[in-house]
Amino acid sequence: MLSSSSLIWIGALLLGLEASLTRASDFQHHAYEEMVRALFAVQSDCPYITRIYSIGRSVEGRHLYVLEFSDNPGIHEALEPEFKYVGNMHGNEVLGRELLINLAQFLCEEYRAGNERITHLIHDTRIHILPSMNPDGYEVAARQGPEFNGYLVGRGNSKEMDLNRNFPDLNALMYYYEKHNGQNHHLPLPDNWELQVEPETLAVIKWMQNYNFVLSANLHGGAVVANYPFDRSREPRIRGKTTYSATPDDKIFRKLAKTYSYAHSWMHKGWNCGDYFDEGITNGASWYSLSKGMQDFNYLHTNCFEITLELSCDKFPPATALASEWLANREALVSYMEQVHHGIKGMVYDENNNPISNAVISVAGINHDITSGTDGDYFRLLLPGTYTVTASALGYQPFTSMVTVGPAEAVQLHFYLKVQPKGTNLNIKGYPNKKGSSTAKIPPTNLGPR
């Protein structure tokens, strides 16, 4: 029988990664102070490609630290997409936290070793890693430890609020707009929303608003499946019945979920934790309906596509399981990040080559638009195919182009918009408003792994 160290070596060879292999005994759980030291150690080892910043503090005052990887840390480079991973949203679901610490160490070590794949990824992507969104909840769960941790102890923050039921509910507004030909992206937040969310949630929302994220995943535990939007059902809840609630981008979300599932050692096999999910993926509402969740909020309020990764049957696995879990997830974590480079991307300019921010990019046949960032660049995830794409902005005439997307790197498609002639009134559907509110009633939520 092969030893665990031999299996790690074989796994690294099969994955095609020149992994700096660590002994299983070196893997451990990190309390808050240990996690912070680990992140700053990575920053010290790779100072020219990393940056640490805080997006805010938890209820108990712990910093929500993010480790950024880029060839120009702290700077958004035009046409370079922004990616994020979020772990430990539920404090007692700890594997994601450890995997993201491992991932940070791995990216640094492989970059220093000259791994071409990792070097290319860091040079062409701005990667943001938030290992713990809920450090207060983690400390509560860690006091019980792996052997005695309950299903709910430490799940919420220090006020016992479930952070994945704490985002403004935009689904009800979206479903209303679907029936009335309304706005299909960047939905407005309710009045006084900042007073209605927890400090950790507020910090993450502000983070989303300050960075033009393109792709994301949040890491959970309690099941093994890649879950994609929508999480909230369009239909009224009926006991014992669930309904599939597809986004307009259902095909690309299924592809993103399968990318992780099939790169994971066993997620794609379907049978895990006593449940079966075909190909290791599921639509969130088809599993169970969830309101005020983070992944739907990403899609409805920002340009970001996010999925939820359930990564372990055991919410708080023992330290002895961390090495094998890292090996099972490492290739999937890297492959998923690479998906940010598919579809189309480009610049939106005026006639004088000045970038236009907040321009709306629409794809015919897909009722979900995205917008250009402050530098005028946009990123639109798409499957291979031929598309009709329109760019529009207030004060300018819309422009439409045909583009064929292949399976490799994103195709660049730039737009040059002419000033709208005086006396004309162009109604740009879906142009994001700055204010608005939703008063739709929210049904009680199921308290599953997510």
# chains A, B, ... in the order shown; residues from 1 in each chain; ligands from 1
>>> residues_around(residues="region 201-204 of chain A", least_positions_apart="2", cutoff="7 Å", atoms="only C-alpha atoms", output="compact mmCIF listing (two decimals) with N, CA and C atoms, in the first residue's frame")
# COMPACT_ATOMS: atom_id res chain seq x y z
N ILE A 55 -10.45 44.75 4.68
CA ILE A 55 -11.68 45.33 4.13
C ILE A 55 -12.62 45.80 5.24
N GLY A 56 -12.22 45.58 6.49
CA GLY A 56 -13.06 45.99 7.61
C GLY A 56 -12.77 45.12 8.82
N LEU A 163 -24.30 34.85 8.26
CA LEU A 163 -23.88 35.85 7.27
C LEU A 163 -24.35 35.51 5.86
N ASN A 166 -27.80 37.26 5.22
CA ASN A 166 -27.69 38.61 5.74
C ASN A 166 -27.49 39.68 4.66
N PHE A 167 -27.45 39.29 3.40
CA PHE A 167 -27.30 40.26 2.33
C PHE A 167 -28.66 40.81 1.92
N GLU A 194 -27.40 49.68 4.91
CA GLU A 194 -26.19 49.56 5.73
C GLU A 194 -26.51 49.31 7.20
N VAL A 197 -27.47 45.17 7.92
CA VAL A 197 -26.55 44.05 7.74
C VAL A 197 -25.48 44.08 8.83
N GLU A 198 -24.82 42.94 9.01
CA GLU A 198 -23.76 42.81 10.00
C GLU A 198 -22.47 43.48 9.51
N PRO A 199 -21.56 43.82 10.42
CA PRO A 199 -20.30 44.47 10.01
C PRO A 199 -19.52 43.67 8.97
N LYS A 206 -19.05 46.46 0.54
CA LYS A 206 -18.21 47.60 0.15
C LYS A 206 -17.03 47.13 -0.69
N TRP A 207 -16.48 46.00 -0.35
CA TRP A 207 -15.38 45.39 -1.11
C TRP A 207 -15.82 45.11 -2.54
N MET A 208 -16.99 44.50 -2.68
CA MET A 208 -17.52 44.21 -4.01
C MET A 208 -17.73 45.49 -4.82
>>> residues_around(residues="region 395-406 of chain A", least_positions_apart="5", cutoff="9 Å", atoms="only C-alpha atoms", output="PyMOL selection string")
chain A and resi 342-344+350+382-390+411+413+415-421+425-426+428
>>> select_by_dssp(residues="region 189-311 of chain A", states="strand (DSSP E or B)", output="number ranges by chain")
A: 213-220, 223-228, 238, 241, 271-272, 275-276, 281-283, 305-311
>>> write_last_selection(atoms="C-alpha atoms", output="CSV table (one decimal), in the first residue's frame")
chain,number,residue,atom,x,y,z
A,213,PHE,CA,-14.7,41.5,-9.7
A,214,VAL,CA,-15.5,39.2,-12.6
A,215,LEU,CA,-15.5,35.7,-11.0
A,216,SER,CA,-15.6,34.4,-7.5
A,217,ALA,CA,-16.3,31.4,-5.3
A,218,ASN,CA,-17.2,31.1,-1.6
A,219,LEU,CA,-16.1,28.0,0.2
A,220,HIS,CA,-18.4,26.2,2.6
A,223,ALA,CA,-21.7,18.6,1.8
A,224,VAL,CA,-19.5,18.0,-1.3
A,225,VAL,CA,-21.0,19.8,-4.4
A,226,ALA,CA,-20.5,22.9,-6.5
A,227,ASN,CA,-23.7,25.0,-6.1
A,228,TYR,CA,-24.6,27.8,-8.6
A,238,ILE,CA,-44.1,24.0,-1.0
A,241,LYS,CA,-40.8,20.3,-3.3
A,271,TRP,CA,-22.3,10.4,-4.2
A,272,ASN,CA,-20.9,12.2,-1.2
A,275,ASP,CA,-26.4,12.7,-1.0
A,276,TYR,CA,-26.3,12.4,-4.8
A,281,ILE,CA,-23.1,20.2,-9.2
A,282,THR,CA,-26.5,21.6,-8.3
A,283,ASN,CA,-28.7,24.7,-8.8
A,305,PHE,CA,-20.3,35.6,-11.2
A,306,GLU,CA,-20.0,33.6,-8.0
A,307,ILE,CA,-20.7,29.9,-7.1
A,308,THR,CA,-20.7,28.2,-3.7
A,309,LEU,CA,-18.3,25.3,-3.1
A,310,GLU,CA,-19.3,22.8,-0.5
A,311,LEU,CA,-16.1,21.0,0.1
>>> atom_distance(atom1="CA of Ala359 (chain A)", atom2="CA of His76 (chain A)")
17.9 Å
>>> closest_residue(among="A:Met267, A:Leu333, A:Phe69, A:Gly365", to="Ser312 (chain A)", atoms="only C-alpha atoms")
A:Met267
>>> closest_residue(among="A:Ser372, A:Ser265, A:Asn134, A:Gln412", to="Arg97 (chain A)", atoms="only C-alpha atoms")
A:Asn134
>>> residues_around(residues="region 82-86 of chain A", least_positions_apart="2", cutoff="8 Å", atoms="only C-alpha atoms", output="PyMOL selection string")
chain A and resi 80+88-89+100+125-133+211-219+337+340
>>> write_last_selection(atoms="N, CA, C and O atoms", output="short mmCIF file (atom, residue, chain, number, x, y, z; two decimals), in the first residue's frame")
data_model
loop_
_atom_site.label_atom_id
_atom_site.label_comp_id
_atom_site.auth_asym_id
_atom_site.auth_seq_id
_atom_site.Cartn_x
_atom_site.Cartn_y
_atom_site.Cartn_z
N GLU A 80 -7.13 43.43 -17.23
CA GLU A 80 -6.73 42.33 -16.35
C GLU A 80 -7.86 42.07 -15.37
O GLU A 80 -8.19 42.92 -14.54
N ASN A 88 -14.70 30.53 4.96
CA ASN A 88 -15.07 30.60 6.38
C ASN A 88 -16.19 31.61 6.63
O ASN A 88 -16.22 32.26 7.68
N MET A 89 -17.14 31.71 5.71
CA MET A 89 -18.31 32.59 5.91
C MET A 89 -19.13 32.09 7.10
O MET A 89 -19.65 32.88 7.89
N LEU A 100 -7.54 28.02 1.59
CA LEU A 100 -7.13 29.31 1.04
C LEU A 100 -5.78 29.75 1.60
O LEU A 100 -4.99 30.41 0.90
N THR A 125 -3.83 38.07 -13.96
CA THR A 125 -5.02 38.09 -13.12
C THR A 125 -4.70 38.82 -11.82
O THR A 125 -3.60 38.70 -11.30
N ARG A 126 -5.66 39.56 -11.33
CA ARG A 126 -5.52 40.14 -9.99
C ARG A 126 -6.37 39.28 -9.06
O ARG A 126 -7.60 39.28 -9.13
N ILE A 127 -5.71 38.54 -8.18
CA ILE A 127 -6.36 37.52 -7.34
C ILE A 127 -6.46 38.04 -5.91
O ILE A 127 -5.47 38.51 -5.33
N HIS A 128 -7.66 37.96 -5.34
CA HIS A 128 -7.90 38.40 -3.97
C HIS A 128 -8.39 37.21 -3.14
O HIS A 128 -9.37 36.55 -3.52
N ILE A 129 -7.72 36.94 -2.03
CA ILE A 129 -8.05 35.79 -1.19
C ILE A 129 -8.42 36.27 0.20
O ILE A 129 -7.59 36.87 0.92
N LEU A 130 -9.68 36.04 0.60
CA LEU A 130 -10.17 36.35 1.94
C LEU A 130 -10.38 35.01 2.66
O LEU A 130 -11.42 34.37 2.50
N PRO A 131 -9.40 34.55 3.44
CA PRO A 131 -9.52 33.22 4.06
C PRO A 131 -10.66 33.11 5.06
O PRO A 131 -11.25 32.04 5.20
N SER A 132 -10.96 34.20 5.76
CA SER A 132 -12.00 34.12 6.79
C SER A 132 -12.87 35.36 6.79
O SER A 132 -12.43 36.44 7.19
N MET A 133 -14.11 35.20 6.38
CA MET A 133 -15.09 36.28 6.45
C MET A 133 -15.70 36.36 7.85
O MET A 133 -16.26 37.38 8.24
N TYR A 211 -14.18 47.00 -6.07
CA TYR A 211 -13.38 46.23 -7.02
C TYR A 211 -14.31 45.62 -8.06
O TYR A 211 -15.35 45.07 -7.71
N ASN A 212 -13.92 45.69 -9.32
CA ASN A 212 -14.77 45.18 -10.39
C ASN A 212 -14.51 43.68 -10.59
O ASN A 212 -13.93 43.25 -11.59
N PHE A 213 -14.96 42.89 -9.61
CA PHE A 213 -14.73 41.45 -9.67
C PHE A 213 -15.51 40.84 -10.84
O PHE A 213 -16.63 41.22 -11.13
N VAL A 214 -14.87 39.85 -11.46
CA VAL A 214 -15.46 39.16 -12.61
C VAL A 214 -15.96 37.77 -12.21
O VAL A 214 -17.02 37.33 -12.64
N LEU A 215 -15.18 37.09 -11.38
CA LEU A 215 -15.50 35.71 -11.01
C LEU A 215 -15.11 35.49 -9.56
O LEU A 215 -14.14 36.08 -9.06
N SER A 216 -15.86 34.61 -8.88
CA SER A 216 -15.65 34.39 -7.46
C SER A 216 -16.18 33.02 -7.06
O SER A 216 -17.00 32.42 -7.76
N ALA A 217 -15.72 32.55 -5.91
CA ALA A 217 -16.32 31.38 -5.27
C ALA A 217 -16.23 31.58 -3.78
O ALA A 217 -15.26 32.15 -3.26
N ASN A 218 -17.27 31.14 -3.07
CA ASN A 218 -17.20 31.13 -1.61
C ASN A 218 -17.22 29.69 -1.13
O ASN A 218 -17.95 28.84 -1.65
N LEU A 219 -16.36 29.39 -0.17
CA LEU A 219 -16.06 28.02 0.24
C LEU A 219 -16.78 27.69 1.54
O LEU A 219 -16.61 28.39 2.55
N MET A 337 -9.88 29.41 -11.06
CA MET A 337 -9.37 30.78 -11.25
C MET A 337 -9.13 31.06 -12.73
O MET A 337 -9.37 32.17 -13.22
N VAL A 340 -11.68 32.76 -15.34
CA VAL A 340 -11.92 34.20 -15.45
C VAL A 340 -11.42 34.74 -16.79
O VAL A 340 -11.78 35.86 -17.18
#
>>> atom_distance(atom1="CA of Asn367 (chain A)", atom2="CA of His301 (chain A)")
14.5 Å
>>> closest_residue(among="A:Arg112, A:Lys159, A:Arg380, A:His185", to="Ile49 (chain A)", atoms="only C-alpha atoms")
A:Arg112
>>> atom_distance(atom1="CA of Met161 (chain A)", atom2="CA of His63 (chain A)")
18.0 Å
